[in-house]
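J.: Provided herewith: query-v2.txt, compact mmCIF, C-alpha atoms.
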# COMPACT_ATOMS: atom_id res chain seq x y z
CA MET K 1 -0.57 25.77 11.86
CA GLY K 2 -1.78 25.79 15.46
CA SER K 3 -1.40 23.17 18.14
CA SER K 4 -3.25 19.89 17.75
CA THR K 5 -5.03 17.76 20.31
CA ILE K 6 -3.63 14.26 20.84
CA TYR K 7 -6.54 11.87 21.31
CA THR K 8 -4.47 8.69 21.58
CA SER K 9 -0.88 7.79 22.39
CA LEU K 10 -0.46 4.03 22.76
CA ASN K 11 2.65 1.94 23.22
CA ALA K 12 3.29 -1.28 21.30
CA PRO K 13 5.16 -4.04 23.18
CA ASN K 14 7.43 -4.63 20.20
CA VAL K 15 9.58 -1.61 19.40
CA ILE K 16 11.25 -3.05 16.28
CA THR K 17 9.46 -2.13 13.06
CA SER K 18 10.08 -2.04 9.33
CA PRO K 19 9.60 1.57 8.24
CA SER K 20 7.62 1.92 5.00
CA VAL K 21 4.67 3.77 3.51
CA ASN K 22 2.52 0.72 4.30
CA CYS K 23 3.64 0.16 7.89
CA LEU K 24 0.46 1.86 9.18
CA GLN K 25 -2.82 1.32 7.31
CA TRP K 26 -6.55 1.88 7.74
CA SER K 27 -8.94 -0.82 6.57
CA GLU K 28 -12.39 -0.26 5.10
CA ASP K 29 -13.76 -1.77 8.33
CA GLY K 30 -12.37 1.18 10.29
CA GLN K 31 -9.44 -0.66 11.90
CA VAL K 32 -5.81 0.40 12.14
CA PHE K 33 -3.12 -2.14 11.21
CA PHE K 34 0.37 -1.53 12.58
CA THR K 35 3.24 -3.72 11.36
CA SER K 36 6.12 -4.64 13.65
CA LYS K 37 8.94 -7.11 13.15
CA SER K 38 7.22 -10.14 14.66
CA ALA K 39 3.52 -9.24 14.76
CA VAL K 40 0.72 -7.21 13.24
CA TYR K 41 -1.30 -5.12 15.70
CA ILE K 42 -4.99 -4.54 14.93
CA MET K 43 -6.61 -1.63 16.74
CA THR K 44 -10.28 -0.67 16.58
CA PRO K 45 -11.54 2.66 17.91
CA GLU K 46 -14.24 2.57 20.58
CA HIS K 47 -17.57 3.52 19.02
CA GLY K 48 -19.44 4.08 22.27
CA ILE K 49 -20.72 0.52 22.71
CA ASN K 50 -19.43 -0.08 26.22
CA PHE K 51 -19.84 -3.83 26.53
CA ASP K 52 -16.28 -4.41 27.77
CA LEU K 53 -14.81 -1.37 29.49
CA GLU K 54 -11.86 -3.32 30.88
CA SER K 55 -10.47 -4.00 27.39
CA VAL K 56 -10.58 -0.39 26.21
CA LEU K 57 -7.15 1.24 26.04
CA LYS K 58 -6.98 4.98 26.69
CA SER K 59 -3.69 6.80 26.85
CA SER K 60 -2.45 10.20 25.70
CA VAL K 61 -0.07 12.97 26.66
CA ASP K 62 -3.09 15.28 26.91
CA GLU K 63 -5.65 15.15 29.70
CA ASP K 64 -9.10 13.63 29.30
CA THR K 65 -11.56 16.54 29.40
CA ASP K 66 -15.13 17.12 28.29
CA ASP K 67 -13.93 19.36 25.47
CA ASN K 68 -11.20 16.98 24.35
CA PRO K 69 -12.15 13.43 25.35
CA LEU K 70 -9.60 10.69 24.83
CA LEU K 71 -10.25 8.02 22.24
CA GLY K 72 -10.45 4.42 23.44
CA TRP K 73 -9.18 1.46 21.45
CA PHE K 74 -9.60 -2.30 21.36
CA ARG K 75 -6.43 -4.13 20.44
CA THR K 76 -5.53 -7.58 19.22
CA MET K 77 -2.56 -8.94 17.33
CA ILE K 78 -1.38 -11.61 14.90
CA ALA K 79 1.96 -13.15 15.86
CA ILE K 80 4.16 -14.76 13.23
CA ASP K 81 4.71 -18.48 13.78
CA LYS K 82 8.32 -19.04 12.74
CA THR K 83 7.95 -22.82 12.97
CA ASP K 84 5.32 -22.78 10.22
CA ALA K 85 7.63 -21.27 7.60
CA CYS K 86 8.34 -23.02 4.32
CA ARG K 87 11.75 -24.71 4.15
CA TRP K 88 12.83 -23.88 0.61
CA THR K 89 15.99 -25.98 0.85
CA ASP K 90 13.81 -29.10 1.05
CA TYR K 91 12.87 -28.52 -2.59
CA SER K 92 16.18 -27.33 -3.98
CA GLN K 93 19.82 -27.20 -2.83
CA ASP K 94 20.70 -24.41 -5.23
CA TRP K 95 21.89 -21.06 -3.91
CA SER K 96 18.88 -19.35 -5.50
CA ALA K 97 16.63 -21.28 -3.11
CA THR K 98 18.18 -19.68 -0.02
CA SER K 99 16.90 -16.54 1.62
CA LEU K 100 18.58 -14.42 4.26
CA GLY K 101 15.14 -13.68 5.67
CA SER K 102 14.75 -17.31 6.75
CA MET K 103 17.41 -16.86 9.46
CA ASP K 104 15.28 -14.40 11.41
CA ILE K 105 11.73 -14.54 10.05
CA SER K 106 9.81 -11.30 10.37
CA VAL K 107 6.88 -9.49 8.80
CA TRP K 108 7.95 -8.03 5.48
CA ALA K 109 4.75 -6.44 4.14
CA ILE K 110 0.99 -6.46 4.61
CA THR K 111 -1.95 -5.45 2.44
CA LEU K 112 -5.68 -5.24 3.09
CA SER K 113 -8.56 -6.30 0.91
CA PRO K 114 -11.79 -4.34 0.50
CA SER K 115 -14.57 -5.02 2.97
CA GLN K 116 -17.45 -7.48 2.50
CA LEU K 117 -15.23 -10.41 1.49
CA THR K 118 -15.59 -12.73 4.45
CA LEU K 119 -18.69 -14.47 5.82
CA ASP K 120 -18.89 -11.73 8.47
CA ALA K 121 -18.62 -9.00 5.81
CA GLY K 122 -15.08 -8.11 6.87
CA CYS K 123 -11.77 -7.65 5.12
CA ILE K 124 -8.87 -10.04 4.56
CA LEU K 125 -5.31 -9.40 5.71
CA ALA K 126 -2.45 -10.67 3.55
CA ILE K 127 0.93 -11.00 5.28
CA LEU K 128 4.23 -11.52 3.46
CA SER K 129 7.12 -12.68 5.64
CA SER K 130 10.85 -12.26 5.11
CA ASN K 131 10.92 -15.97 4.26
CA MET K 132 8.60 -15.05 1.34
CA ASP K 133 5.65 -16.94 2.84
CA LEU K 134 2.26 -15.49 1.92
CA THR K 135 -0.62 -16.05 4.37
CA LEU K 136 -4.20 -14.77 4.50
CA TRP K 137 -6.03 -13.96 7.74
CA ILE K 138 -9.64 -13.15 8.68
CA ALA K 139 -11.21 -12.05 11.95
CA GLY K 140 -12.86 -14.63 14.18
CA LYS K 141 -16.00 -14.21 16.24
CA ASN K 142 -14.65 -11.15 18.03
CA ALA K 143 -12.98 -8.83 15.54
CA LEU K 144 -12.26 -6.21 18.20
CA LYS K 145 -9.99 -8.16 20.52
CA GLY K 146 -10.34 -11.80 19.49
CA GLU K 147 -8.18 -14.15 17.53
CA TRP K 148 -7.65 -13.83 13.78
CA LYS K 149 -7.63 -17.08 11.84
CA LYS K 150 -5.25 -18.14 9.12
CA VAL K 151 -7.37 -19.13 6.13
CA TYR K 152 -4.70 -19.80 3.57
CA ILE K 153 -0.99 -20.43 3.29
CA LYS K 154 0.80 -19.79 0.04
CA TRP K 155 -1.36 -21.59 -2.47
CA MET K 156 1.59 -22.30 -4.78
CA SER K 157 3.19 -24.53 -2.15
CA PHE K 158 0.70 -27.26 -3.06
CA PHE K 159 2.25 -27.47 -6.52
CA ILE K 160 5.86 -26.98 -5.56
CA CYS K 161 6.82 -30.65 -5.36
CA GLY K 162 8.97 -31.74 -8.28
CA VAL K 163 9.65 -28.21 -9.51
CA THR K 164 13.02 -27.47 -11.10
CA THR K 165 15.48 -24.99 -9.64
CA ASP K 166 15.12 -22.46 -12.46
CA LYS K 167 11.37 -22.26 -11.79
CA LEU K 168 11.61 -22.01 -8.02
CA ASN K 169 11.80 -18.21 -8.22
CA ASN K 170 8.15 -18.22 -9.27
CA PHE K 171 7.24 -19.02 -5.66
CA PHE K 172 9.43 -16.32 -4.05
CA TYR K 173 7.11 -13.35 -3.54
CA LEU K 174 8.72 -9.99 -2.83
CA CYS K 175 5.78 -7.55 -2.89
CA ILE K 176 1.98 -7.61 -2.61
CA ASP K 177 -0.91 -5.20 -3.08
CA TRP K 178 -4.70 -5.59 -3.03
CA SER K 179 -6.86 -3.63 -5.45
CA SER K 180 -10.09 -1.84 -4.58
CA GLN K 181 -13.50 -2.82 -5.90
CA PRO K 182 -14.37 -1.38 -9.33
CA ASN K 183 -17.33 0.94 -9.71
CA PHE K 184 -19.41 -0.07 -12.71
CA ALA K 185 -21.96 2.72 -12.06
CA LEU K 186 -24.77 0.23 -11.43
CA SER K 187 -27.48 0.77 -8.83
CA PRO K 188 -27.83 -1.42 -6.94
CA ALA K 189 -24.25 -2.58 -7.28
CA PRO K 190 -23.78 -6.30 -8.00
CA GLY K 191 -22.76 -8.34 -4.99
CA LEU K 192 -19.60 -9.68 -6.59
CA ASP K 193 -16.02 -9.52 -5.46
CA ASN K 194 -13.96 -8.01 -8.26
CA SER K 195 -10.86 -7.14 -6.25
CA PHE K 196 -7.54 -8.83 -6.84
CA LEU K 197 -4.41 -9.61 -4.87
CA VAL K 198 -1.34 -8.75 -6.94
CA CYS K 199 1.97 -10.48 -6.15
CA GLY K 200 5.39 -9.85 -7.67
CA ASN K 201 8.16 -12.45 -7.48
CA ARG K 202 11.81 -13.04 -8.19
CA ALA K 203 11.13 -14.40 -11.67
CA GLY K 204 9.68 -11.08 -12.86
CA THR K 205 6.11 -12.39 -12.94
CA LEU K 206 2.94 -10.70 -11.70
CA PHE K 207 0.20 -12.91 -10.26
CA GLU K 208 -3.41 -11.76 -9.94
CA CYS K 209 -5.49 -13.78 -7.49
CA SER K 210 -9.11 -13.51 -6.39
CA PHE K 211 -10.68 -14.69 -3.17
CA GLN K 212 -14.19 -16.13 -3.08
CA TYR K 213 -14.05 -18.29 0.07
CA LYS K 214 -10.89 -19.74 -1.44
CA ILE K 215 -7.98 -18.17 -3.29
CA SER K 216 -7.60 -18.85 -7.00
CA LEU K 217 -5.13 -17.74 -9.63
CA GLU K 218 -6.83 -15.58 -12.27
CA TYR K 219 -3.88 -14.49 -14.36
CA LYS K 220 -0.11 -14.42 -14.43
CA LEU K 221 2.12 -12.38 -16.69
CA THR K 222 5.90 -12.28 -16.99
CA VAL K 223 6.88 -8.63 -17.40
CA THR K 224 10.65 -8.63 -16.81
CA ASP K 225 13.65 -10.89 -16.27
CA ARG K 226 14.53 -9.14 -13.01
CA TRP K 227 13.10 -9.23 -9.52
CA ILE K 228 9.94 -7.22 -8.87
CA LEU K 229 10.52 -5.21 -5.69
CA GLN K 230 7.50 -2.88 -5.62
CA VAL K 231 3.97 -3.14 -6.95
CA ALA K 232 1.08 -0.66 -6.78
CA PHE K 233 -2.47 -1.11 -8.09
CA LEU K 234 -4.25 2.00 -9.36
CA LYS K 235 -7.87 2.65 -8.45
CA ARG K 236 -9.93 1.47 -11.42
CA ILE K 237 -11.58 3.95 -13.77
CA LEU K 238 -14.88 3.47 -15.63
CA VAL K 239 -14.12 4.10 -19.30
CA GLN K 240 -17.27 2.72 -20.93
CA PRO K 241 -20.45 0.99 -19.74
CA LEU K 242 -19.57 -2.07 -17.60
CA THR K 243 -15.85 -1.70 -18.36
CA CYS K 244 -13.13 -0.50 -15.98
CA ILE K 245 -9.40 -0.25 -16.52
CA ALA K 246 -6.45 0.29 -14.20
CA LEU K 247 -2.67 0.31 -14.28
CA VAL K 248 -0.43 -1.91 -12.19
CA ALA K 249 2.93 -0.23 -11.62
CA TYR K 250 6.00 -2.27 -10.68
CA SER K 251 9.69 -1.56 -10.13
CA THR K 252 12.88 -3.59 -10.48
CA PRO K 253 16.23 -3.38 -8.60
CA ASP K 254 17.82 -1.12 -11.24
CA GLY K 255 15.05 1.46 -10.81
CA THR K 256 13.06 0.60 -13.92
CA ILE K 257 9.32 1.23 -13.62
CA GLY K 258 6.87 -0.62 -15.82
CA PHE K 259 3.11 -0.81 -16.21
CA VAL K 260 0.50 -3.42 -16.96
CA ARG K 261 -3.00 -2.37 -17.98
CA VAL K 262 -5.86 -4.37 -16.50
CA THR K 263 -9.22 -4.26 -18.26
CA GLN K 264 -12.22 -5.63 -16.41
CA THR K 265 -15.65 -6.08 -17.99
CA LEU K 266 -18.77 -7.11 -16.14
CA ARG K 267 -20.63 -9.92 -17.92
CA GLN K 268 -23.77 -11.89 -17.17
CA THR K 269 -22.34 -15.25 -18.20
CA ALA K 270 -20.63 -16.91 -15.28
CA LYS K 271 -18.49 -19.14 -17.51
CA GLN K 272 -16.62 -16.21 -19.03
CA THR K 273 -13.65 -14.64 -17.27
CA PRO K 274 -14.62 -11.26 -15.76
CA PHE K 275 -11.43 -9.46 -16.76
CA THR K 276 -8.47 -9.49 -19.10
CA MET K 277 -4.89 -8.49 -18.44
CA SER K 278 -2.54 -7.19 -21.10
CA THR K 279 0.54 -5.06 -21.69
CA ALA K 280 -1.24 -2.66 -24.01
CA PHE K 281 0.36 0.31 -22.28
CA GLU K 282 3.83 0.72 -23.76
CA GLN K 283 4.73 4.20 -22.50
CA PRO K 284 7.61 3.80 -20.01
CA VAL K 285 8.65 6.21 -17.29
CA LEU K 286 11.49 8.24 -18.79
CA ASP K 287 13.59 8.58 -15.65
CA THR K 288 17.32 8.97 -16.16
CA GLN K 289 18.16 8.18 -12.54
CA LYS K 290 18.96 4.65 -11.49
CA GLY K 291 18.69 2.80 -8.22
CA ALA K 292 16.05 0.84 -6.34
CA LEU K 293 12.96 2.68 -5.14
CA MET K 294 12.12 3.15 -1.47
CA ALA K 295 8.39 3.76 -2.03
CA LEU K 296 5.93 3.40 -4.90
CA LYS K 297 2.37 4.69 -4.60
CA TRP K 298 -0.48 5.99 -6.75
CA VAL K 299 -1.93 9.36 -5.75
CA ASP K 300 -5.65 9.72 -6.52
CA LEU K 301 -6.63 13.22 -7.67
CA PRO K 302 -10.36 14.04 -7.56
CA GLY K 303 -11.65 14.61 -11.09
CA ARG K 304 -8.21 14.15 -12.64
CA LEU K 305 -5.95 11.36 -13.79
CA SER K 306 -3.97 9.77 -10.99
CA ILE K 307 -0.23 10.27 -10.78
CA LEU K 308 2.52 7.92 -9.68
CA ALA K 309 4.73 9.02 -6.79
CA TYR K 310 7.96 7.23 -5.92
CA THR K 311 11.01 8.05 -3.85
CA ARG K 312 14.73 7.44 -3.89
CA PRO K 313 17.26 8.53 -1.24
CA GLY K 314 17.09 12.32 -1.21
CA THR K 315 14.56 12.75 -4.02
CA VAL K 316 10.84 12.41 -4.68
CA HIS K 317 9.57 11.75 -8.20
CA LEU K 318 6.13 12.41 -9.66
CA TRP K 319 4.98 10.93 -12.96
CA SER K 320 1.97 11.84 -15.07
CA PRO K 321 1.29 10.31 -18.50
CA SER K 322 1.84 12.62 -21.47
CA ASP K 323 -1.53 11.58 -22.87
CA PRO K 324 -4.61 9.94 -21.32
CA SER K 325 -4.69 7.07 -23.84
CA PRO K 326 -3.81 4.37 -21.26
CA PHE K 327 -6.96 5.33 -19.36
CA SER K 328 -9.35 5.55 -22.32
CA VAL K 329 -11.27 3.10 -24.47
CA SER K 330 -13.14 4.40 -27.49
CA HIS K 331 -16.91 4.15 -27.23
CA PRO K 332 -19.51 6.05 -29.31
CA THR K 333 -21.74 7.05 -26.38
CA PHE K 334 -19.35 7.16 -23.43
CA THR K 335 -16.33 9.34 -22.71
CA THR K 336 -13.97 9.55 -19.75
CA THR K 337 -14.55 12.72 -17.71
CA LEU K 338 -11.11 12.82 -16.07
CA TYR K 339 -8.89 15.81 -16.77
CA HIS K 340 -5.17 15.74 -17.41
CA PRO K 341 -2.91 17.71 -15.01
CA PRO K 342 -1.19 20.75 -16.59
CA TRP K 343 2.17 18.99 -16.36
CA SER K 344 3.32 15.61 -17.68
CA GLY K 345 6.33 13.36 -17.63
CA VAL K 346 8.63 12.96 -14.62
CA GLN K 347 9.09 15.74 -12.10
CA THR K 348 12.10 15.20 -9.81
CA LEU K 349 12.34 17.19 -6.60
CA THR K 350 15.36 17.21 -4.28
CA LEU K 351 14.61 16.97 -0.57
CA GLU K 352 16.35 19.08 2.04
CA THR K 353 16.99 18.40 5.72
CA PRO K 354 14.90 20.75 7.90
CA LYS K 355 17.02 22.88 10.22
CA GLN K 356 14.84 22.19 13.27
CA LEU K 357 15.81 18.52 13.49
CA SER K 358 18.81 16.94 15.17
CA ILE K 359 22.17 16.09 13.68
CA ASP K 360 21.17 12.50 12.86
CA SER K 361 18.42 13.68 10.51
CA SER K 362 18.91 13.43 6.78
CA SER K 363 16.92 13.71 3.58
CA LEU K 364 18.34 10.31 2.55
CA HIS K 365 16.17 8.40 5.03
CA GLN K 366 13.43 5.91 4.16
CA SER K 367 9.97 7.25 3.28
CA THR K 368 7.34 6.27 5.86
CA GLY K 369 4.27 8.18 4.73
CA MET K 370 2.81 9.74 1.61
CA GLN K 371 -0.59 11.47 1.82
CA TYR K 372 -2.33 13.80 -0.63
CA ILE K 373 -4.53 16.61 0.74
CA SER K 374 -6.90 17.63 -2.05
CA ALA K 375 -8.13 20.80 -0.29
CA ARG K 376 -4.59 22.23 -0.41
CA ASP K 377 -3.39 20.41 -3.54
CA ALA K 378 -0.45 19.22 -1.45
CA LEU K 379 1.40 15.94 -1.04
CA VAL K 380 2.83 15.47 2.47
CA LEU K 381 5.86 13.20 2.59
CA CYS K 382 7.19 11.83 5.89
CA LEU K 383 10.64 10.31 6.43
CA VAL K 384 11.85 7.93 9.10
CA ASP K 385 13.67 10.72 10.97
CA GLY K 386 10.31 12.39 11.64
CA SER K 387 10.73 15.17 9.07
CA PHE K 388 7.89 16.30 6.83
CA HIS K 389 8.13 17.63 3.27
CA VAL K 390 5.22 19.32 1.48
CA VAL K 391 4.91 19.24 -2.32
CA TYR K 392 2.44 21.63 -3.94
CA GLY K 393 0.93 21.66 -7.42
CA ILE K 394 0.22 17.96 -7.77
CA ALA K 395 -3.07 18.59 -9.61
CA GLY K 396 -2.05 22.00 -10.94
CA VAL K 397 -4.32 23.92 -8.54
CA ALA K 398 -1.81 25.52 -6.18
CA CYS K 399 0.74 26.03 -8.96
CA THR K 400 1.35 24.86 -12.51
CA VAL K 401 4.14 22.37 -11.70
CA PRO K 402 4.96 20.46 -8.49
CA ILE K 403 7.27 22.35 -6.14
CA LEU K 404 8.69 21.75 -2.67
CA ASP K 405 7.64 24.45 -0.22
CA TYR K 406 10.89 25.19 1.59
CA GLU K 407 10.67 28.93 0.92
CA ASN K 408 6.98 29.31 1.87
CA VAL K 409 6.01 30.05 -1.73
CA ALA K 410 2.42 28.88 -1.29
CA ALA K 411 -0.20 31.06 0.39
CA THR K 412 -1.33 28.47 2.94
CA ASP K 413 -0.47 27.39 6.46
CA LEU K 414 0.38 23.85 5.32
CA ARG K 415 4.09 24.31 4.91
CA THR K 416 7.13 22.17 5.52
CA THR K 417 8.35 24.28 8.44
CA ASN K 418 4.91 24.52 10.03
CA VAL K 419 4.24 20.79 9.81
CA GLY K 420 7.61 20.07 11.39
CA THR K 421 6.94 22.56 14.18
CA ALA K 422 3.53 20.98 14.83
CA ALA K 423 5.16 17.54 15.01
CA VAL K 424 7.58 18.79 17.66
CA ALA K 425 4.67 20.17 19.69
CA VAL K 426 2.69 16.93 19.37
CA VAL K 427 5.37 14.67 20.83
CA ASP K 428 6.45 17.34 23.34
CA ARG K 429 10.11 16.65 22.64
CA PRO K 430 12.93 18.91 21.40
CA ARG K 431 12.70 17.09 18.07
CA PRO K 432 10.21 14.73 16.40
CA LEU K 433 10.46 11.06 17.18
CA GLU K 434 11.44 8.60 14.47
CA SER K 435 8.48 7.78 12.25
CA THR K 436 7.89 4.26 10.97
CA GLY K 437 4.46 4.88 9.40
CA CYS K 438 2.05 7.68 8.62
CA CYS K 439 -1.48 7.54 7.18
CA CYS K 440 -4.72 9.54 7.07
CA PHE K 441 -8.18 8.28 7.95
Would you kindly transcribe this structure into structure tokens?

T.:
Amino acid sequence: MGSSTIYTSLNAPNVITSPSVNCLQWSEDGQVFFTSKSAVYIMTPEHGINFDLESVLKSSVDEDTDDNPLLGWFRTMIAIDKTDACRWTDYSQDWSATSLGSMDISVWAITLSPSQLTLDAGCILAILSSNMDLTLWIAGKNALKGEWKKVYIKWMSFFICGVTTDKLNNFFYLCIDWSSQPNFALSPAPGLDNSFLVCGNRAGTLFECSFQYKISLEYKLTVTDRWILQVAFLKRILVQPLTCIALVAYSTPDGTIGFVRVTQTLRQTAKQTPFTMSTAFEQPVLDTQKGALMALKWVDLPGRLSILAYTRPGTVHLWSPSDPSPFSVSHPTFTTTLYHPPWSGVQTLTLETPKQLSIDSSSLHQSTGMQYISARDALVLCLVDGSFHVVYGIAGVACTVPILDYENVAATDLRTTNVGTAAVAVVDRPRPLESTGCCCF
């Protein structure tokens, strides 16, 4: 793997971040969202419309040449207002109503909606704070460098008065994810928003909310008696005319992973609900290891069933269903064209610490990036110490079962050692810098 050109190298004023696989995200509007402790930075690449040259940020370790021009960015930010946080102790004096995150409120997680949801055809940003406050934001008149407006604070707070202590956990959100729009194979596509914001809470309940100029609760389902720490919404699959299904994966503190199948049907009657939610999928993940997960993410495989990737300290796990029944609905004239990978069940791979890194590096660090490269059938995993780990055979193209390429067993230049060497060359340091987020455009 040869040297790479660095088109942008920008500094954020706030150096404290929360490393995760969602710390750095691209939106469908072509903007980069970077999460720090006290703010969310929104950066938009310069598209050549030079109406405000003074606001364009250009910085890189490489020189600006005609062959390798630097990329300019517009930047704005959303700061967290700590004075606007919900005071849970005003509603209950029980110990379960306290949160350590309320002492020093910071950004816990963010998720982005699909585009075309706002009046300006933009996306919506959902921010979850360490105080478990959920807020929604949209861009103002100037999405490039202007102010973003708060359009909604946790909708459940309007009904929180008079609630009992044992039900207060229903309002403590711990994880969020926003689904993509389903493809019903209609041309032209209906101008309807069919995406959903999924929230998991302390009471073991999943909430599905929709946003059509105001947020509304569509469905809630109690799936466990434990906290829900991670949630991931699978890209929906068309299984029969006007019907899409998807799986919502969630994890609990003891490492248990469960699924909820969401079936969505497009109807012409506005009075009928557009989707149903059920626990029809009863096949659990047979993982003998215990312990909370550090990352949970669906990996989309072109032309094949998606797999679930999750990490624990020192290991990466890949899960594929043993049969495609959760993704299929019988129909006389329609069949699902997705193929099953040649492997099934849980594949557990043990990570190693690359020799090129410093003494403080370890394979036990937090995962900060997880990207699948379909052309190489490889999953690139990044840890907070800046190390990269390449897993081959996700779809069964490079090899029959997933393997970690520490011994250069795959005939390609995308290898663990080569990626690490390229990272050292990019930052021009004796070792890679700590990584808090990694994503592909």

J.: Can you pull out every residue within 12 Å of Ile257 of chain K, counting only C-alpha atoms, but drop anything in the same chain fewer than 3 positions away, and send it as a PDB file with C-alpha atoms, in the coordinates of the input?

T.:
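Generated output (around17.pdb):
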ATOM      1  CA  VAL K 223       6.880  -8.630 -17.400  1.00  0.00           C
ATOM      2  CA  THR K 224      10.650  -8.630 -16.810  1.00  0.00           C
ATOM      3  CA  ARG K 226      14.530  -9.140 -13.010  1.00  0.00           C
ATOM      4  CA  TRP K 227      13.100  -9.230  -9.520  1.00  0.00           C
ATOM      5  CA  ILE K 228       9.940  -7.220  -8.870  1.00  0.00           C
ATOM      6  CA  LEU K 229      10.520  -5.210  -5.690  1.00  0.00           C
ATOM      7  CA  GLN K 230       7.500  -2.880  -5.620  1.00  0.00           C
ATOM      8  CA  VAL K 231       3.970  -3.140  -6.950  1.00  0.00           C
ATOM      9  CA  ALA K 232       1.080  -0.660  -6.780  1.00  0.00           C
ATOM     10  CA  VAL K 248      -0.430  -1.910 -12.190  1.00  0.00           C
ATOM     11  CA  ALA K 249       2.930  -0.230 -11.620  1.00  0.00           C
ATOM     12  CA  TYR K 250       6.000  -2.270 -10.680  1.00  0.00           C
ATOM     13  CA  SER K 251       9.690  -1.560 -10.130  1.00  0.00           C
ATOM     14  CA  THR K 252      12.880  -3.590 -10.480  1.00  0.00           C
ATOM     15  CA  PRO K 253      16.230  -3.380  -8.600  1.00  0.00           C
ATOM     16  CA  ASP K 254      17.820  -1.120 -11.240  1.00  0.00           C
ATOM     17  CA  VAL K 260       0.500  -3.420 -16.960  1.00  0.00           C
ATOM     18  CA  GLU K 282       3.830   0.720 -23.760  1.00  0.00           C
ATOM     19  CA  GLN K 283       4.730   4.200 -22.500  1.00  0.00           C
ATOM     20  CA  PRO K 284       7.610   3.800 -20.010  1.00  0.00           C
ATOM     21  CA  VAL K 285       8.650   6.210 -17.290  1.00  0.00           C
ATOM     22  CA  LEU K 286      11.490   8.240 -18.790  1.00  0.00           C
ATOM     23  CA  ASP K 287      13.590   8.580 -15.650  1.00  0.00           C
ATOM     24  CA  THR K 288      17.320   8.970 -16.160  1.00  0.00           C
ATOM     25  CA  GLN K 289      18.160   8.180 -12.540  1.00  0.00           C
ATOM     26  CA  LYS K 290      18.960   4.650 -11.490  1.00  0.00           C
ATOM     27  CA  GLY K 291      18.690   2.800  -8.220  1.00  0.00           C
ATOM     28  CA  ALA K 292      16.050   0.840  -6.340  1.00  0.00           C
ATOM     29  CA  LEU K 293      12.960   2.680  -5.140  1.00  0.00           C
ATOM     30  CA  ALA K 295       8.390   3.760  -2.030  1.00  0.00           C
ATOM     31  CA  LEU K 296       5.930   3.400  -4.900  1.00  0.00           C
ATOM     32  CA  LYS K 297       2.370   4.690  -4.600  1.00  0.00           C
ATOM     33  CA  LEU K 308       2.520   7.920  -9.680  1.00  0.00           C
ATOM     34  CA  ALA K 309       4.730   9.020  -6.790  1.00  0.00           C
ATOM     35  CA  TYR K 310       7.960   7.230  -5.920  1.00  0.00           C
ATOM     36  CA  HIS K 317       9.570  11.750  -8.200  1.00  0.00           C
ATOM     37  CA  TRP K 319       4.980  10.930 -12.960  1.00  0.00           C
ATOM     38  CA  VAL K 346       8.630  12.960 -14.620  1.00  0.00           C
TER      39      VAL K 346
END

J.: Env of Cys439 of chain K: 7 Å cut, atoms = all atoms listed in the file, seq-sep filter 4 positions within chain, self excluded. Answer as a short mmCIF file (atom, residue, chain, number, x, y, z; two decimals) with C-alpha atoms, in the coordinates of the input.

T.:
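Generated file (selection.cif):
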data_model
loop_
_atom_site.label_atom_id
_atom_site.label_comp_id
_atom_site.auth_asym_id
_atom_site.auth_seq_id
_atom_site.Cartn_x
_atom_site.Cartn_y
_atom_site.Cartn_z
CA LEU K 24 0.46 1.86 9.18
CA GLN K 25 -2.82 1.32 7.31
CA GLY K 369 4.27 8.18 4.73
CA GLN K 371 -0.59 11.47 1.82
#

J.: Quick one: distance from atom CA of Ala109 of chain K to atom CA of Pro182 of chain K in Å, one decimal?

T.: 23.9 Å

J.: Just give me the gap between atom CA of Phe233 of chain K and atom CA of Thr256 of chain K in Å, one decimal is fine.

T.: 16.7 Å

J.: What is the distance, in Å and to one decimal place, between atom CA of Leu136 of chain K and atom CA of Thr44 of chain K?

T.: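 Separating atom CA of Leu136 of chain K from atom CA of Thr44 of chain K is a distance of 19.5 Å.
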
J.: Do a neighbour search on Met132 of chain K at 8 Å with all atoms listed in the file, toss out local chain neighbours closer than 4 positions, and write the hits as a PyMOL selection string.

T.: chain K and resi 101+128+172-174
